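Read the structure below first, then the notes.
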Amino acid sequence: MSNVCCVLQLAKELVSYVKDQQIISVAIHWLVYIAQRMFNLHLGYRFKWTVRGPYSRGLARDIKAGNAQEKCVCDENLKLHYIREFLEDLKSTGMRFDKALEIAASYIMLRYDVYPKPLDPLEELLKKKSYVLPKEAQAIAKILNKYLVSVREKA
Amino acid sequence: MRVYWSSESAVKSVYDELHGYIPLNEVELKIVDTPTFQRLRRIKQLAQAWYVYPGAVHTRFSHSLGVMYLMGIIASKLAQEGIIRSDDVQLLKLAALLHDIGHTPFSHGVEHYFIRKFRLKHEELSRWVIEEDPFITDVLRTYGFEPREVAAIVAGLHKETVYNELLSSDLDVDRLDYLLRDALHTGVAYGLIDLDRIVQTVTVDSSGFIAVPKKAVQAIENFYIARLHMYRTVYYHKTITSYQLLIALIYERISESSELRDLLEPFTTANGIRKSIREGLFYIWDDFYIGGVLSHVLNKGIGDDSFRELVRMYISRKGFRAVYEWIGFSNVNPVPSAVRESINRAIEYVRDQGIPRYSTLPYVEVIPIISDEETVRVLTNGTSVKITEFAGSIVKHLPESMGIARIYVHPMYCDAVSKLITKFFSHNIGV
């Protein structure tokens, strides 16, 4: 049950930025993906590349199951300090928060996980998401570069 | 260089009980002829379901051919519509053919052990096999296909999201095949769907989501409802899940015992399996292999009495029996905490009455019925909406999840525990 509890704890972090529960249920996939990929959290979820970004069936199932847990304890070190700092950085772009998170998660996935590897992940992201402006994607990419050292080492 | 084959390039046809003749071209036939793919003939699609539905002995071999066949039809249609590249149709067909190549023996029963112990799912195993099995990689490379690209589709990580969606989404070729095939072989009347209507109308909306026109909405509604019924009557049937739990327990006992482990080596750890894949030995790990191990255990009297008792229970179909079942549907808490707690308290109560600890097993499962992100879209006036938001569709009234909670009991204590459970719940009204 521990993994679900970690996810629920991460979802609580989102509540300060996103009010709509329906949006949170999608945005949590992006945050957990980023937490696993960028902050090396070992929650074991497998993500696939979908139209809106990283998505995990296992995570969706666990969220449904985990909502019923009243006594929830996360055994992982969630590195919440770093995650909060990152979320604040996203907020500082002034973009709608869930959009910023979607761009961030999608950019990381395009850069490190999808195959065939796009020559330019940013260009690919703009091609896939017509509602994203180049300056928005660039602003997020700039923030991510600050954090992506560990990902680069892993890749 | 990669070659694109049309249906005219078939070099062989296989008669499939569901789709009729399935043509195989050269590369497909070469894949099918590898020992690694032939292994799928020896893995039952529904593992323990034949303990309830005697006809459910079909294999992952025929299912894989069926998924490839459907992918061929749909991908060709989408290629004609200019949605996907024509020379990727073959790539998609190969991914469909190989999507279950890494499935564990006894399907989800043994997989359950590896998920719990190593977080290893069959999708990951399939990726390893496609990228590292010498027989499979050799054929793919010979015909100009990059194993990693085929594996990317199977893992849902291909750059083109549509490719991932076709193989794994709410309405994918995998589900379209297995619902019909499993209904056919179990004999239940619930998995019947309007395959022709779906296959002929399915397309992709401007964002890249799988979509259908309005005229196919009823076929999709029926698809969702059929799935729901199949979950209840087949995939999560109380007896079938009981034998899944039992084989997982047996596999765990063997894998974690220094005395018994040799029987299954190297298929007891993630690293061991991966090594076998790289050495071209993965193909021996099948239902026959595990079945042989179980018979050997009884024949030679291997392991302690309690272990052999579990094996005997499995082989003789005398497994754990459900003495309590709770089923609920909901969008938020499919199995409320009150139900979970009651199950745990009931088991404690039973144990307090002198029933041995190992003889009762709790079972709680949450089964998503509609996944919001993967929901099929309906095309309307140049735009599209989720079918769950489409006016007039009954899908929006379906629950998002089904929850099941059960208490299983060793057959020796079944009568005694049944009485105790009835007594317990009669005093816990409202659960």
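So you can find residues: chains in the structure tokens are A, B, ... in the order shown, residues in each start at 1, and ligands are numbered from 1 in order.
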- Compute the set of chain A residues within 8 Å of chain B, using only C-alpha atoms, and express it as a PyMOL selection string. chain A and resi 26+44+47-51+60-61+64-65+67-70+110+113-118
- Query: Counting only C-alpha atoms, what is within 12 Å of Arg41 (chain B), bar same-chain residues fewer than 5 positions away, as JSON, numbers by chain?
  - Reply: {"B": [32, 33, 34, 35, 36, 57, 58, 59, 60, 61, 62, 63, 64, 65, 100, 101, 103, 105, 283, 284, 285, 286, 287, 288]}
I need the chosen residues saved as a PDB file, in the first residue's frame, with N, CA and C atoms.
ATOM      1  N   VAL B  32       6.619 -16.364 -36.409  1.00  0.00           N
ATOM      2  CA  VAL B  32       5.772 -17.429 -35.852  1.00  0.00           C
ATOM      3  C   VAL B  32       6.571 -18.727 -35.707  1.00  0.00           C
ATOM      4  N   ASP B  33       7.484 -18.966 -36.637  1.00  0.00           N
ATOM      5  CA  ASP B  33       8.258 -20.215 -36.612  1.00  0.00           C
ATOM      6  C   ASP B  33       9.405 -20.226 -35.591  1.00  0.00           C
ATOM      7  N   THR B  34       9.654 -19.123 -34.914  1.00  0.00           N
ATOM      8  CA  THR B  34      10.737 -19.137 -33.920  1.00  0.00           C
ATOM      9  C   THR B  34      10.291 -19.957 -32.702  1.00  0.00           C
ATOM     10  N   PRO B  35      11.232 -20.597 -32.012  1.00  0.00           N
ATOM     11  CA  PRO B  35      10.868 -21.332 -30.786  1.00  0.00           C
ATOM     12  C   PRO B  35      10.208 -20.416 -29.764  1.00  0.00           C
ATOM     13  N   THR B  36      10.629 -19.167 -29.748  1.00  0.00           N
ATOM     14  CA  THR B  36      10.098 -18.226 -28.746  1.00  0.00           C
ATOM     15  C   THR B  36       8.617 -17.943 -28.996  1.00  0.00           C
ATOM     16  N   VAL B  57      -9.484 -23.377 -23.084  1.00  0.00           N
ATOM     17  CA  VAL B  57      -8.114 -23.885 -23.166  1.00  0.00           C
ATOM     18  C   VAL B  57      -7.373 -23.273 -24.354  1.00  0.00           C
ATOM     19  N   HIS B  58      -7.903 -22.196 -24.902  1.00  0.00           N
ATOM     20  CA  HIS B  58      -7.238 -21.545 -26.031  1.00  0.00           C
ATOM     21  C   HIS B  58      -5.941 -20.886 -25.546  1.00  0.00           C
ATOM     22  N   THR B  59      -5.081 -20.570 -26.499  1.00  0.00           N
ATOM     23  CA  THR B  59      -3.734 -20.145 -26.103  1.00  0.00           C
ATOM     24  C   THR B  59      -3.397 -18.710 -26.536  1.00  0.00           C
ATOM     25  N   ARG B  60      -2.306 -18.233 -26.004  1.00  0.00           N
ATOM     26  CA  ARG B  60      -1.821 -16.904 -26.397  1.00  0.00           C
ATOM     27  C   ARG B  60      -1.329 -16.914 -27.840  1.00  0.00           C
ATOM     28  N   PHE B  61      -1.097 -18.087 -28.385  1.00  0.00           N
ATOM     29  CA  PHE B  61      -0.670 -18.197 -29.780  1.00  0.00           C
ATOM     30  C   PHE B  61      -1.795 -17.694 -30.698  1.00  0.00           C
ATOM     31  N   SER B  62      -2.990 -18.242 -30.544  1.00  0.00           N
ATOM     32  CA  SER B  62      -4.088 -17.831 -31.429  1.00  0.00           C
ATOM     33  C   SER B  62      -4.495 -16.385 -31.145  1.00  0.00           C
ATOM     34  N   HIS B  63      -4.450 -15.993 -29.892  1.00  0.00           N
ATOM     35  CA  HIS B  63      -4.776 -14.596 -29.563  1.00  0.00           C
ATOM     36  C   HIS B  63      -3.790 -13.639 -30.246  1.00  0.00           C
ATOM     37  N   SER B  64      -2.519 -13.972 -30.222  1.00  0.00           N
ATOM     38  CA  SER B  64      -1.513 -13.082 -30.826  1.00  0.00           C
ATOM     39  C   SER B  64      -1.733 -12.962 -32.338  1.00  0.00           C
ATOM     40  N   LEU B  65      -2.077 -14.083 -32.967  1.00  0.00           N
ATOM     41  CA  LEU B  65      -2.374 -14.022 -34.403  1.00  0.00           C
ATOM     42  C   LEU B  65      -3.602 -13.142 -34.648  1.00  0.00           C
ATOM     43  N   ASP B 100       2.339 -10.119 -26.636  1.00  0.00           N
ATOM     44  CA  ASP B 100       2.270 -10.994 -25.454  1.00  0.00           C
ATOM     45  C   ASP B 100       3.446 -11.963 -25.387  1.00  0.00           C
ATOM     46  N   ILE B 101       4.479 -11.707 -26.147  1.00  0.00           N
ATOM     47  CA  ILE B 101       5.568 -12.685 -26.284  1.00  0.00           C
ATOM     48  C   ILE B 101       6.258 -12.976 -24.947  1.00  0.00           C
ATOM     49  N   HIS B 103       4.707 -13.133 -21.967  1.00  0.00           N
ATOM     50  CA  HIS B 103       3.779 -13.523 -20.903  1.00  0.00           C
ATOM     51  C   HIS B 103       4.321 -14.702 -20.097  1.00  0.00           C
ATOM     52  N   PRO B 105       4.208 -18.154 -17.798  1.00  0.00           N
ATOM     53  CA  PRO B 105       3.331 -19.335 -17.807  1.00  0.00           C
ATOM     54  C   PRO B 105       2.157 -19.097 -16.857  1.00  0.00           C
ATOM     55  N   TYR B 283      12.158 -19.895 -24.288  1.00  0.00           N
ATOM     56  CA  TYR B 283      11.046 -20.657 -24.866  1.00  0.00           C
ATOM     57  C   TYR B 283      10.672 -21.911 -24.075  1.00  0.00           C
ATOM     58  N   ILE B 284      11.559 -22.340 -23.155  1.00  0.00           N
ATOM     59  CA  ILE B 284      11.202 -23.556 -22.406  1.00  0.00           C
ATOM     60  C   ILE B 284      10.300 -23.247 -21.205  1.00  0.00           C
ATOM     61  N   TRP B 285      10.173 -21.979 -20.865  1.00  0.00           N
ATOM     62  CA  TRP B 285       9.391 -21.594 -19.680  1.00  0.00           C
ATOM     63  C   TRP B 285       7.914 -21.453 -20.054  1.00  0.00           C
ATOM     64  N   ASP B 286       7.158 -22.509 -19.907  1.00  0.00           N
ATOM     65  CA  ASP B 286       5.760 -22.490 -20.353  1.00  0.00           C
ATOM     66  C   ASP B 286       4.865 -23.239 -19.353  1.00  0.00           C
ATOM     67  N   ASP B 287       3.591 -23.368 -19.681  1.00  0.00           N
ATOM     68  CA  ASP B 287       2.652 -24.071 -18.786  1.00  0.00           C
ATOM     69  C   ASP B 287       3.098 -25.521 -18.556  1.00  0.00           C
ATOM     70  N   PHE B 288       3.642 -26.138 -19.609  1.00  0.00           N
ATOM     71  CA  PHE B 288       4.059 -27.543 -19.494  1.00  0.00           C
ATOM     72  C   PHE B 288       5.186 -27.670 -18.455  1.00  0.00           C
TER      73      PHE B 288
END
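Here CA of Pro213 (chain B) is placed at a distance of 8.6 Å from CA of Arg377 (chain B).
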- DSSP strand (DSSP E) residues within region 94-257 of chain B, listed as a list of chain:residue names: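 DSSP on the backbone gives strand (DSSP E) at B:Thr203, B:Val204, B:Ile210, B:Ala211, B:Val212, B:Pro213.
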So that I have them on file, write out the residues from the current selection with C-alpha atoms, as a PDB file, in the first residue's frame.
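Output saved as part.pdb:
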ATOM      1  CA  THR B 203     -10.354   6.332 -36.720  1.00  0.00           C
ATOM      2  CA  VAL B 204      -8.312   9.023 -34.993  1.00  0.00           C
ATOM      3  CA  ILE B 210      -8.903   6.896 -30.965  1.00  0.00           C
ATOM      4  CA  ALA B 211     -12.351   7.963 -32.151  1.00  0.00           C
ATOM      5  CA  VAL B 212     -15.491   6.688 -33.844  1.00  0.00           C
ATOM      6  CA  PRO B 213     -18.274   8.446 -35.725  1.00  0.00           C
TER       7      PRO B 213
END
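Among the candidates B:Ser393, B:Thr269, B:Gln45, B:Ser418, the one nearest to Asp177 (chain B) when counting only C-alpha atoms is B:Gln45.
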